[in-house]
Amino acid sequence: MEQVRTAFRDECARLAEILSGLDAADLDRPTRCAPWTVRDLVAHVSSGAGRLVDMLAAPAPQRAEVDAAGYFGAAKFTPEVDAARIDSARRQARQRPGVPAVAADFARAWRATDEAVAAQPPGRLVRTRHGDAMTLTEFLRTRVVEVGVHGLDLAEALDRKPWLTPTAADVVATLLTAGRSVPAGLGWDSLTLIRKTTGRLPHTERERRLVAESGFRWLSFG
């Protein structure tokens with residue numbers, strides 16, 4: 001748990017720092033997560049970062065049924081779920097018109113989650129809004145993925161170098177590969193691995209060949 005919580009805190013603190021330094025025009029930049037702008041994508045990330053507060057206030061399920069890898073199954077990416085996710089973020093974004101409000105909303109969300117997590121006993125279970133019963137640690141792992149990977153999308157939209165923190169990169173990369181080693185011939189560091197396997201960077205012809213020859217596989221969202 002502590003490794004995952006540290007990664008969550010590190011990545012959220014870094015994103016909060018970035019958000020506080022934006023200007024108004026930055027919020028309206030387009031992102032690769034169309035039709036979202038930066039403003040919309042930050043609203044989505046804020047909502048996801050704060051989701052554990054209500055989950056931890058609810059009764060715990062009897063047993064865990066899904067891990068972090070299983071959470072990112074196809075049911076989370078149906079057209080209906082995608083449409084609801086897009087609309088929810090855009091509605092939330094409209095309620096926070098300026099940079100100070102956007103930055104403050106994200107800061108409140110992640111800090112409230114961190115405080116709620118700190119108060120929980122070991123082995124705490126939670127139920128997601130999709131009905132998944134998970135350990136708190138496994139769900140928090142999905143939050144690191146959400147903040148970290150969408151942080152890459154925000155960095156791209158803002159024309160900045162990726163700011164993914166080492167602790168978050170380790171958590172995300174381990175989840176994507178199920179802890180397996182990347183074939184040495186690929187020469188990927190953690191950041192490159194995450195960008196390549198989540199579609200943020202294209203594969204070269206050589207990389208496709210090495211992946212096919214080695215049988216290397218990674219978690220595919222949806």
# chains A, B, ... in the order shown; residues from 1 in each chain; ligands from 1
$ residues_around --residues "A:Ile86" --least-positions-apart "6" --cutoff "12 Å" --atoms "only C-alpha atoms" --output "list in words"
Cys33, Ala34, Pro35, Trp36, Thr37, Asp40, Leu41, Val42, Ala43, His44, Val45, Ser47, Phe77, Pro79, Glu80, Gln92 and Ala93 of chain A
$ select_by_dssp --residues "stretch 37-126 of chain A" --states "alpha helix (DSSP H)" --output "number ranges by chain"
A: 38-50, 52-57, 68-71, 79-94, 99-118
$ residues_around --residues "A:Leu125" --least-positions-apart "3" --cutoff "12 Å" --atoms "only C-alpha atoms" --output "JSON, numbers by chain"
{"A": [52, 55, 56, 57, 58, 59, 60, 61, 62, 63, 64, 65, 66, 67, 117, 120, 121, 122, 128, 132, 133, 134, 135, 136, 137, 138, 139, 140]}
$ closest_residue --among "A:Val53, A:Leu154, A:Leu219, A:Ala101" --to "A:Gly179" --atoms "only C-alpha atoms"
A:Leu219
$ residues_around --residues "A:Ala7" --least-positions-apart "2" --cutoff "6 Å" --atoms "only C-alpha atoms" --output "MDAnalysis selection string"
chainID A and resid 4:5 9:10 167:168
$ write_last_selection --atoms "all heavy atoms" --output "compact mmCIF listing (two decimals), in the first residue's frame"
# COMPACT_ATOMS: atom_id res chain seq x y z
N VAL A 4 2.19 2.40 -3.37
CA VAL A 4 1.15 2.93 -4.25
C VAL A 4 0.69 4.30 -3.74
O VAL A 4 0.49 5.23 -4.53
CB VAL A 4 -0.03 1.95 -4.35
CG1 VAL A 4 -1.14 2.51 -5.22
CG2 VAL A 4 0.44 0.61 -4.90
N ARG A 5 0.53 4.44 -2.44
CA ARG A 5 0.10 5.73 -1.90
C ARG A 5 1.15 6.81 -2.16
O ARG A 5 0.82 7.94 -2.50
CB ARG A 5 -0.16 5.60 -0.39
CG ARG A 5 -0.74 6.89 0.19
CD ARG A 5 -0.97 6.78 1.68
NE ARG A 5 -1.36 8.09 2.21
CZ ARG A 5 -1.16 8.48 3.46
NH1 ARG A 5 -0.60 7.66 4.33
NH2 ARG A 5 -1.53 9.67 3.85
N ARG A 9 0.53 10.23 -4.29
CA ARG A 9 0.82 11.55 -3.73
C ARG A 9 1.83 12.30 -4.59
O ARG A 9 1.67 13.51 -4.85
CB ARG A 9 1.34 11.42 -2.30
CG ARG A 9 0.33 10.85 -1.33
CD ARG A 9 0.89 10.74 0.06
NE ARG A 9 1.24 12.04 0.61
CZ ARG A 9 1.48 12.25 1.89
NH1 ARG A 9 1.41 11.26 2.75
NH2 ARG A 9 1.78 13.46 2.31
N ASP A 10 2.87 11.62 -5.01
CA ASP A 10 3.91 12.27 -5.81
C ASP A 10 3.34 12.80 -7.13
O ASP A 10 3.60 13.94 -7.52
CB ASP A 10 5.05 11.30 -6.12
CG ASP A 10 5.90 10.98 -4.90
OD1 ASP A 10 5.75 11.64 -3.86
OD2 ASP A 10 6.74 10.06 -5.01
N THR A 167 8.10 7.41 -9.10
CA THR A 167 7.29 6.48 -8.31
C THR A 167 6.03 6.06 -9.06
O THR A 167 5.64 4.90 -9.06
CB THR A 167 6.92 7.10 -6.95
OG1 THR A 167 6.38 8.42 -7.16
CG2 THR A 167 8.13 7.18 -6.04
N ALA A 168 5.38 7.03 -9.71
CA ALA A 168 4.19 6.71 -10.48
C ALA A 168 4.54 5.88 -11.70
O ALA A 168 3.82 4.93 -12.06
CB ALA A 168 3.47 7.99 -10.90
$ residues_around --residues "stretch 187-196 of chain A" --least-positions-apart "3" --cutoff "10 Å" --atoms "only C-alpha atoms" --output "VMD selection string"
chain A and resid 145 148 to 149 152 to 153 162 to 166 168 to 174 176 to 177 182 to 184 199 to 204 207 218
$ write_last_selection --atoms "N, CA and C atoms" --output "PDB file, in the first residue's frame"
ATOM      1  N   VAL A 145      -2.627   5.249 -12.287  1.00  0.00           N
ATOM      2  CA  VAL A 145      -2.669   5.129 -13.745  1.00  0.00           C
ATOM      3  C   VAL A 145      -3.422   6.311 -14.351  1.00  0.00           C
ATOM      4  N   GLY A 148      -1.370   9.558 -13.838  1.00  0.00           N
ATOM      5  CA  GLY A 148      -0.098   9.494 -14.548  1.00  0.00           C
ATOM      6  C   GLY A 148      -0.248   9.491 -16.056  1.00  0.00           C
ATOM      7  N   VAL A 149      -1.107   8.631 -16.588  1.00  0.00           N
ATOM      8  CA  VAL A 149      -1.250   8.521 -18.039  1.00  0.00           C
ATOM      9  C   VAL A 149      -1.935   9.762 -18.608  1.00  0.00           C
ATOM     10  N   LEU A 152       0.397  12.541 -19.065  1.00  0.00           N
ATOM     11  CA  LEU A 152       1.107  12.534 -20.350  1.00  0.00           C
ATOM     12  C   LEU A 152       0.293  13.257 -21.420  1.00  0.00           C
ATOM     13  N   ASP A 153      -1.020  13.040 -21.406  1.00  0.00           N
ATOM     14  CA  ASP A 153      -1.895  13.703 -22.374  1.00  0.00           C
ATOM     15  C   ASP A 153      -1.908  15.217 -22.147  1.00  0.00           C
ATOM     16  N   PRO A 162       7.026  15.401 -20.723  1.00  0.00           N
ATOM     17  CA  PRO A 162       6.279  14.622 -19.732  1.00  0.00           C
ATOM     18  C   PRO A 162       6.869  14.822 -18.339  1.00  0.00           C
ATOM     19  N   TRP A 163       6.004  14.972 -17.349  1.00  0.00           N
ATOM     20  CA  TRP A 163       6.461  15.190 -15.970  1.00  0.00           C
ATOM     21  C   TRP A 163       6.206  13.969 -15.087  1.00  0.00           C
ATOM     22  N   LEU A 164       5.931  12.828 -15.682  1.00  0.00           N
ATOM     23  CA  LEU A 164       5.627  11.621 -14.912  1.00  0.00           C
ATOM     24  C   LEU A 164       6.700  11.372 -13.856  1.00  0.00           C
ATOM     25  N   THR A 165       6.285  11.214 -12.608  1.00  0.00           N
ATOM     26  CA  THR A 165       7.237  11.023 -11.517  1.00  0.00           C
ATOM     27  C   THR A 165       7.752   9.586 -11.496  1.00  0.00           C
ATOM     28  N   PRO A 166       8.966   9.358 -10.996  1.00  0.00           N
ATOM     29  CA  PRO A 166       9.523   7.998 -10.980  1.00  0.00           C
ATOM     30  C   PRO A 166       8.663   6.998 -10.212  1.00  0.00           C
ATOM     31  N   ALA A 168       5.384   7.032  -9.710  1.00  0.00           N
ATOM     32  CA  ALA A 168       4.186   6.709 -10.484  1.00  0.00           C
ATOM     33  C   ALA A 168       4.543   5.881 -11.704  1.00  0.00           C
ATOM     34  N   ALA A 169       5.640   6.216 -12.360  1.00  0.00           N
ATOM     35  CA  ALA A 169       6.068   5.453 -13.537  1.00  0.00           C
ATOM     36  C   ALA A 169       6.279   3.991 -13.177  1.00  0.00           C
ATOM     37  N   ASP A 170       6.852   3.731 -12.021  1.00  0.00           N
ATOM     38  CA  ASP A 170       7.095   2.354 -11.595  1.00  0.00           C
ATOM     39  C   ASP A 170       5.785   1.607 -11.381  1.00  0.00           C
ATOM     40  N   VAL A 171       4.824   2.243 -10.723  1.00  0.00           N
ATOM     41  CA  VAL A 171       3.529   1.603 -10.467  1.00  0.00           C
ATOM     42  C   VAL A 171       2.807   1.325 -11.782  1.00  0.00           C
ATOM     43  N   VAL A 172       2.779   2.309 -12.677  1.00  0.00           N
ATOM     44  CA  VAL A 172       2.065   2.143 -13.942  1.00  0.00           C
ATOM     45  C   VAL A 172       2.735   1.093 -14.818  1.00  0.00           C
ATOM     46  N   ALA A 173       4.049   1.149 -14.937  1.00  0.00           N
ATOM     47  CA  ALA A 173       4.763   0.194 -15.779  1.00  0.00           C
ATOM     48  C   ALA A 173       4.599  -1.231 -15.263  1.00  0.00           C
ATOM     49  N   THR A 174       4.647  -1.411 -13.951  1.00  0.00           N
ATOM     50  CA  THR A 174       4.484  -2.753 -13.372  1.00  0.00           C
ATOM     51  C   THR A 174       3.094  -3.297 -13.650  1.00  0.00           C
ATOM     52  N   LEU A 176       1.104  -2.403 -16.224  1.00  0.00           N
ATOM     53  CA  LEU A 176       0.964  -2.649 -17.659  1.00  0.00           C
ATOM     54  C   LEU A 176       1.626  -3.954 -18.092  1.00  0.00           C
ATOM     55  N   THR A 177       2.741  -4.307 -17.478  1.00  0.00           N
ATOM     56  CA  THR A 177       3.494  -5.501 -17.881  1.00  0.00           C
ATOM     57  C   THR A 177       3.273  -6.695 -16.962  1.00  0.00           C
ATOM     58  N   VAL A 182      10.694  -6.171 -19.856  1.00  0.00           N
ATOM     59  CA  VAL A 182      10.585  -5.782 -21.265  1.00  0.00           C
ATOM     60  C   VAL A 182      11.740  -6.413 -22.028  1.00  0.00           C
ATOM     61  N   PRO A 183      11.511  -6.981 -23.207  1.00  0.00           N
ATOM     62  CA  PRO A 183      12.620  -7.531 -23.995  1.00  0.00           C
ATOM     63  C   PRO A 183      13.748  -6.522 -24.138  1.00  0.00           C
ATOM     64  N   ALA A 184      14.961  -6.955 -23.848  1.00  0.00           N
ATOM     65  CA  ALA A 184      16.104  -6.039 -23.807  1.00  0.00           C
ATOM     66  C   ALA A 184      16.308  -5.307 -25.125  1.00  0.00           C
ATOM     67  N   GLY A 199      -0.407   3.732 -26.390  1.00  0.00           N
ATOM     68  CA  GLY A 199      -0.706   4.388 -27.651  1.00  0.00           C
ATOM     69  C   GLY A 199      -0.327   5.850 -27.712  1.00  0.00           C
ATOM     70  N   ARG A 200       0.478   6.320 -26.748  1.00  0.00           N
ATOM     71  CA  ARG A 200       0.905   7.715 -26.777  1.00  0.00           C
ATOM     72  C   ARG A 200       2.105   7.930 -27.692  1.00  0.00           C
ATOM     73  N   LEU A 201       2.795   6.865 -28.057  1.00  0.00           N
ATOM     74  CA  LEU A 201       3.872   6.899 -29.043  1.00  0.00           C
ATOM     75  C   LEU A 201       3.681   5.717 -29.983  1.00  0.00           C
ATOM     76  N   PRO A 202       3.927   5.900 -31.287  1.00  0.00           N
ATOM     77  CA  PRO A 202       3.789   4.774 -32.216  1.00  0.00           C
ATOM     78  C   PRO A 202       4.962   3.809 -32.100  1.00  0.00           C
ATOM     79  N   HIS A 203       4.729   2.566 -32.484  1.00  0.00           N
ATOM     80  CA  HIS A 203       5.799   1.572 -32.539  1.00  0.00           C
ATOM     81  C   HIS A 203       6.508   1.656 -33.883  1.00  0.00           C
ATOM     82  N   THR A 204       7.819   1.482 -33.844  1.00  0.00           N
ATOM     83  CA  THR A 204       8.563   1.397 -35.090  1.00  0.00           C
ATOM     84  C   THR A 204       8.411  -0.011 -35.666  1.00  0.00           C
ATOM     85  N   GLU A 207      10.406  -2.373 -33.568  1.00  0.00           N
ATOM     86  CA  GLU A 207       9.761  -2.689 -32.295  1.00  0.00           C
ATOM     87  C   GLU A 207       8.629  -3.685 -32.484  1.00  0.00           C
ATOM     88  N   TRP A 218       1.169  -6.766 -23.036  1.00  0.00           N
ATOM     89  CA  TRP A 218       0.913  -5.823 -21.951  1.00  0.00           C
ATOM     90  C   TRP A 218      -0.580  -5.607 -21.787  1.00  0.00           C
TER      91      TRP A 218
END
